[in-house]
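Down below is the structure, laid out as structure tokens.
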Amino acid sequence: MHKYTMRRYCVQDKCYTPSIIQIGSKYRGVASWYGEKFHGKKTSNGEIYNMYGISAAHKTFPMNTIVRVRNISNGKTVTLRVNDRGPFVDDRIIDLSFGAAKEVGSDKKGLTEVELEVLGFNGKINSPLSFNNVPKKDSYTPQKEYIQQDLGVQLGSFSDKSNAMSLVNKYKNDYYDVRIYTFKDESRVLYRVRVIGFKSLEEIEDYKNKYNLTHAITVGIK
């Protein structure tokens with residue numbers, strides 16, 4: 001993950017929180033495309049936008065997520081990489097480059113209904129792990145165990161440890177483990193409050209929804 005592009009951000013008085021997603025996940029919604037107005041300008045991950053290339057903008061997918069886009073009306077598909085943020089219109093799920101829109105036959109239409117399927121991350125197509133096909137070696141970990149041990153929810157980050165402790169006491173319970181992780185650099189110390197012990201990404205989302213944790217982020221735990 002590119003940590004700086006996973007930060008919560010706000011556009012047009014509305015805020016968005018990039019989130020971790022799973023390979024194989026499918027989403028359905030309305031796609032638009034963007035062209036000349038942004039051609040030659042920087043995308044959200046610092047690249048130069050080429051309207052004739054194959055790429056897309058998404059509000060919350062991790063940068064460099066590989067996605068297959070299928071046009072519902074004609075069945076045409078294109079596989080592309082997310083390198084930008086948007087579209088910032090509630091009823092649109094993805095903003096295609098002009099080149100990608102042309103591939104799926106939506107370049108002559110402003111909007112089209114599509115299905116998205118997550119294929120990989122960091123610019124590479126991957127395969128989802130399963131308990132049946134993971135080699136029996138110490139260097140491999142089944143997906144469910146990986147999620148349980150290595151993913152959590154960050155509730156907040158503080159320079160004052162007492163504030164972090166207050167948040168720990170607010171959210172601690174018998175089921176999930178709430179911990180303070182200390183991060184140091186040359187100029188400061190941060191105390192980050194994170195909840196761990198989840199068995200799946202779905203369980204994390206349920207937890208965030210239950211407590212209305214709109215500002216919380218799903219993070220990797222080392």
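Just remember, in the structure tokens the first chain shown is A, the second B, etc., residues are 1-based per chain, and ligands are 1-based in the order shown.
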List as JSON, numbers by chain the protein and nucleic acid residues near A:Lys124, meaning an atom at most 12 Å away when only C-alpha atoms are counted, but skip any in the same chain fewer than 6 places from it.
{"A": [23, 63, 64, 65, 66, 67, 79, 80, 81, 82, 118]}
Any idea what's packed within 8 Å of stretch 201-205 of chain A, counting only C-alpha atoms, ignoring anything in its chain fewer than 6 positions away? Could you give it as number ranges by chain?
A: 21, 147, 152-153, 218
Just to be explicit: take each residue in the selection above, keep N, CA and C atoms, and write the result as a compact mmCIF listing (two decimals), in the first residue's frame.
```
# COMPACT_ATOMS: atom_id res chain seq x y z
N ILE A 21 -9.26 -3.74 0.23
CA ILE A 21 -10.28 -4.57 -0.41
C ILE A 21 -9.68 -5.93 -0.72
N ILE A 147 -5.33 -12.26 7.95
CA ILE A 147 -6.21 -11.14 8.27
C ILE A 147 -6.34 -10.98 9.78
N GLY A 152 -5.96 -4.50 11.28
CA GLY A 152 -6.70 -3.93 12.40
C GLY A 152 -7.35 -2.62 12.01
N VAL A 153 -7.97 -1.98 12.99
CA VAL A 153 -8.62 -0.69 12.78
C VAL A 153 -7.89 0.35 13.62
N THR A 218 -8.57 1.08 8.12
CA THR A 218 -8.07 -0.29 8.20
C THR A 218 -6.58 -0.26 7.90
```
Could you go through stretch 70-217 of chain A and tell me which residues DSSP, when run on the backbone, assigns to helix (DSSP H, G or I), listing them as a PyMOL selection string?
chain A and resi 98-103+143-150+161-171+201-210
Put those residues in a file: N, CA and C atoms, as a compact mmCIF listing (two decimals), in the first residue's frame.
```
# COMPACT_ATOMS: atom_id res chain seq x y z
N PHE A 98 -10.41 7.98 -21.26
CA PHE A 98 -11.09 7.89 -22.54
C PHE A 98 -10.73 6.59 -23.25
N GLY A 99 -9.45 6.21 -23.17
CA GLY A 99 -9.00 4.97 -23.82
C GLY A 99 -9.69 3.74 -23.26
N ALA A 100 -9.88 3.70 -21.93
CA ALA A 100 -10.56 2.57 -21.30
C ALA A 100 -12.04 2.55 -21.67
N ALA A 101 -12.65 3.74 -21.71
CA ALA A 101 -14.06 3.84 -22.10
C ALA A 101 -14.27 3.34 -23.52
N LYS A 102 -13.31 3.64 -24.38
CA LYS A 102 -13.41 3.18 -25.77
C LYS A 102 -13.33 1.66 -25.85
N GLU A 103 -12.50 1.06 -25.00
CA GLU A 103 -12.36 -0.40 -24.99
C GLU A 103 -13.67 -1.10 -24.66
N GLN A 143 -5.09 -17.16 4.27
CA GLN A 143 -5.66 -15.82 4.22
C GLN A 143 -6.37 -15.45 5.52
N LYS A 144 -7.17 -16.34 6.06
CA LYS A 144 -7.95 -16.01 7.25
C LYS A 144 -7.03 -15.70 8.43
N GLU A 145 -5.98 -16.50 8.58
CA GLU A 145 -5.05 -16.27 9.67
C GLU A 145 -4.29 -14.96 9.47
N TYR A 146 -3.94 -14.68 8.23
CA TYR A 146 -3.23 -13.43 7.93
C TYR A 146 -4.07 -12.23 8.33
N ILE A 147 -5.33 -12.26 7.95
CA ILE A 147 -6.21 -11.14 8.27
C ILE A 147 -6.34 -10.98 9.78
N GLN A 148 -6.50 -12.09 10.48
CA GLN A 148 -6.70 -12.03 11.92
C GLN A 148 -5.47 -11.45 12.62
N GLN A 149 -4.28 -11.80 12.17
CA GLN A 149 -3.08 -11.37 12.85
C GLN A 149 -2.56 -10.02 12.37
N ASP A 150 -2.76 -9.71 11.10
CA ASP A 150 -2.03 -8.60 10.51
C ASP A 150 -2.88 -7.41 10.10
N LYS A 161 0.20 10.57 25.28
CA LYS A 161 -0.16 9.18 25.57
C LYS A 161 -1.44 9.07 26.39
N SER A 162 -1.71 10.05 27.24
CA SER A 162 -2.93 9.99 28.07
C SER A 162 -4.18 10.04 27.20
N ASN A 163 -4.13 10.78 26.10
CA ASN A 163 -5.27 10.82 25.19
C ASN A 163 -5.47 9.46 24.51
N ALA A 164 -4.36 8.82 24.17
CA ALA A 164 -4.44 7.48 23.58
C ALA A 164 -5.03 6.48 24.56
N MET A 165 -4.63 6.58 25.84
CA MET A 165 -5.15 5.68 26.87
C MET A 165 -6.65 5.87 27.07
N SER A 166 -7.11 7.11 26.97
CA SER A 166 -8.55 7.38 27.11
C SER A 166 -9.34 6.68 26.03
N LEU A 167 -8.78 6.67 24.80
CA LEU A 167 -9.47 6.01 23.70
C LEU A 167 -9.44 4.49 23.87
N VAL A 168 -8.34 3.97 24.38
CA VAL A 168 -8.26 2.53 24.66
C VAL A 168 -9.34 2.12 25.64
N ASN A 169 -9.49 2.88 26.71
CA ASN A 169 -10.49 2.56 27.74
C ASN A 169 -11.92 2.66 27.21
N LYS A 170 -12.12 3.54 26.23
CA LYS A 170 -13.46 3.71 25.66
C LYS A 170 -13.89 2.51 24.83
N TYR A 171 -12.93 1.92 24.10
CA TYR A 171 -13.29 0.88 23.14
C TYR A 171 -12.89 -0.53 23.55
N LEU A 201 -12.08 -9.17 6.70
CA LEU A 201 -12.30 -7.77 6.36
C LEU A 201 -13.75 -7.37 6.58
N GLU A 202 -14.66 -8.31 6.35
CA GLU A 202 -16.08 -8.03 6.56
C GLU A 202 -16.35 -7.73 8.04
N GLU A 203 -15.67 -8.45 8.92
CA GLU A 203 -15.84 -8.23 10.36
C GLU A 203 -15.33 -6.84 10.76
N ILE A 204 -14.24 -6.42 10.10
CA ILE A 204 -13.72 -5.07 10.35
C ILE A 204 -14.75 -4.02 9.96
N GLU A 205 -15.35 -4.19 8.78
CA GLU A 205 -16.34 -3.22 8.32
C GLU A 205 -17.56 -3.19 9.24
N ASP A 206 -17.99 -4.36 9.72
CA ASP A 206 -19.10 -4.42 10.67
C ASP A 206 -18.78 -3.65 11.94
N TYR A 207 -17.55 -3.81 12.42
CA TYR A 207 -17.12 -3.12 13.64
C TYR A 207 -17.15 -1.60 13.43
N LYS A 208 -16.62 -1.15 12.30
CA LYS A 208 -16.58 0.28 12.03
C LYS A 208 -17.99 0.85 11.89
N ASN A 209 -18.88 0.09 11.26
CA ASN A 209 -20.26 0.55 11.11
C ASN A 209 -20.99 0.57 12.45
N LYS A 210 -20.74 -0.43 13.28
CA LYS A 210 -21.41 -0.53 14.58
C LYS A 210 -21.14 0.70 15.43
```
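As for atom CA of A:Leu119 and atom CA of A:Val219, they are spaced 20.3 Å apart.
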Env of stretch 13-16 of chain A: 12 Å cut, atoms = only C-alpha atoms, seq-sep filter 3 positions within chain, self excluded. Answer as a ChimeraX atom specification.
/A:5-10,19,58-61,85-90,214-217
I'd like the neighbourhood of A:Ile72 as a list in words, where a residue qualifies if any of its atoms comes within 7 Å (using only C-alpha atoms), though same-chain residues fewer than 5 positions away should be ignored.
Glu113, Val114 and Glu115 of chain A
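Atom CA of A:Lys199 is positioned 13.7 Å from atom CA of A:Gln22.
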Select, from A:Arg192, A:Arg70, A:His39, A:Arg92, the residue with the minimum atom-to-atom distance to A:Arg179, counting only C-alpha atoms.
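Of all the options, A:Arg192 lies closest to A:Arg179.
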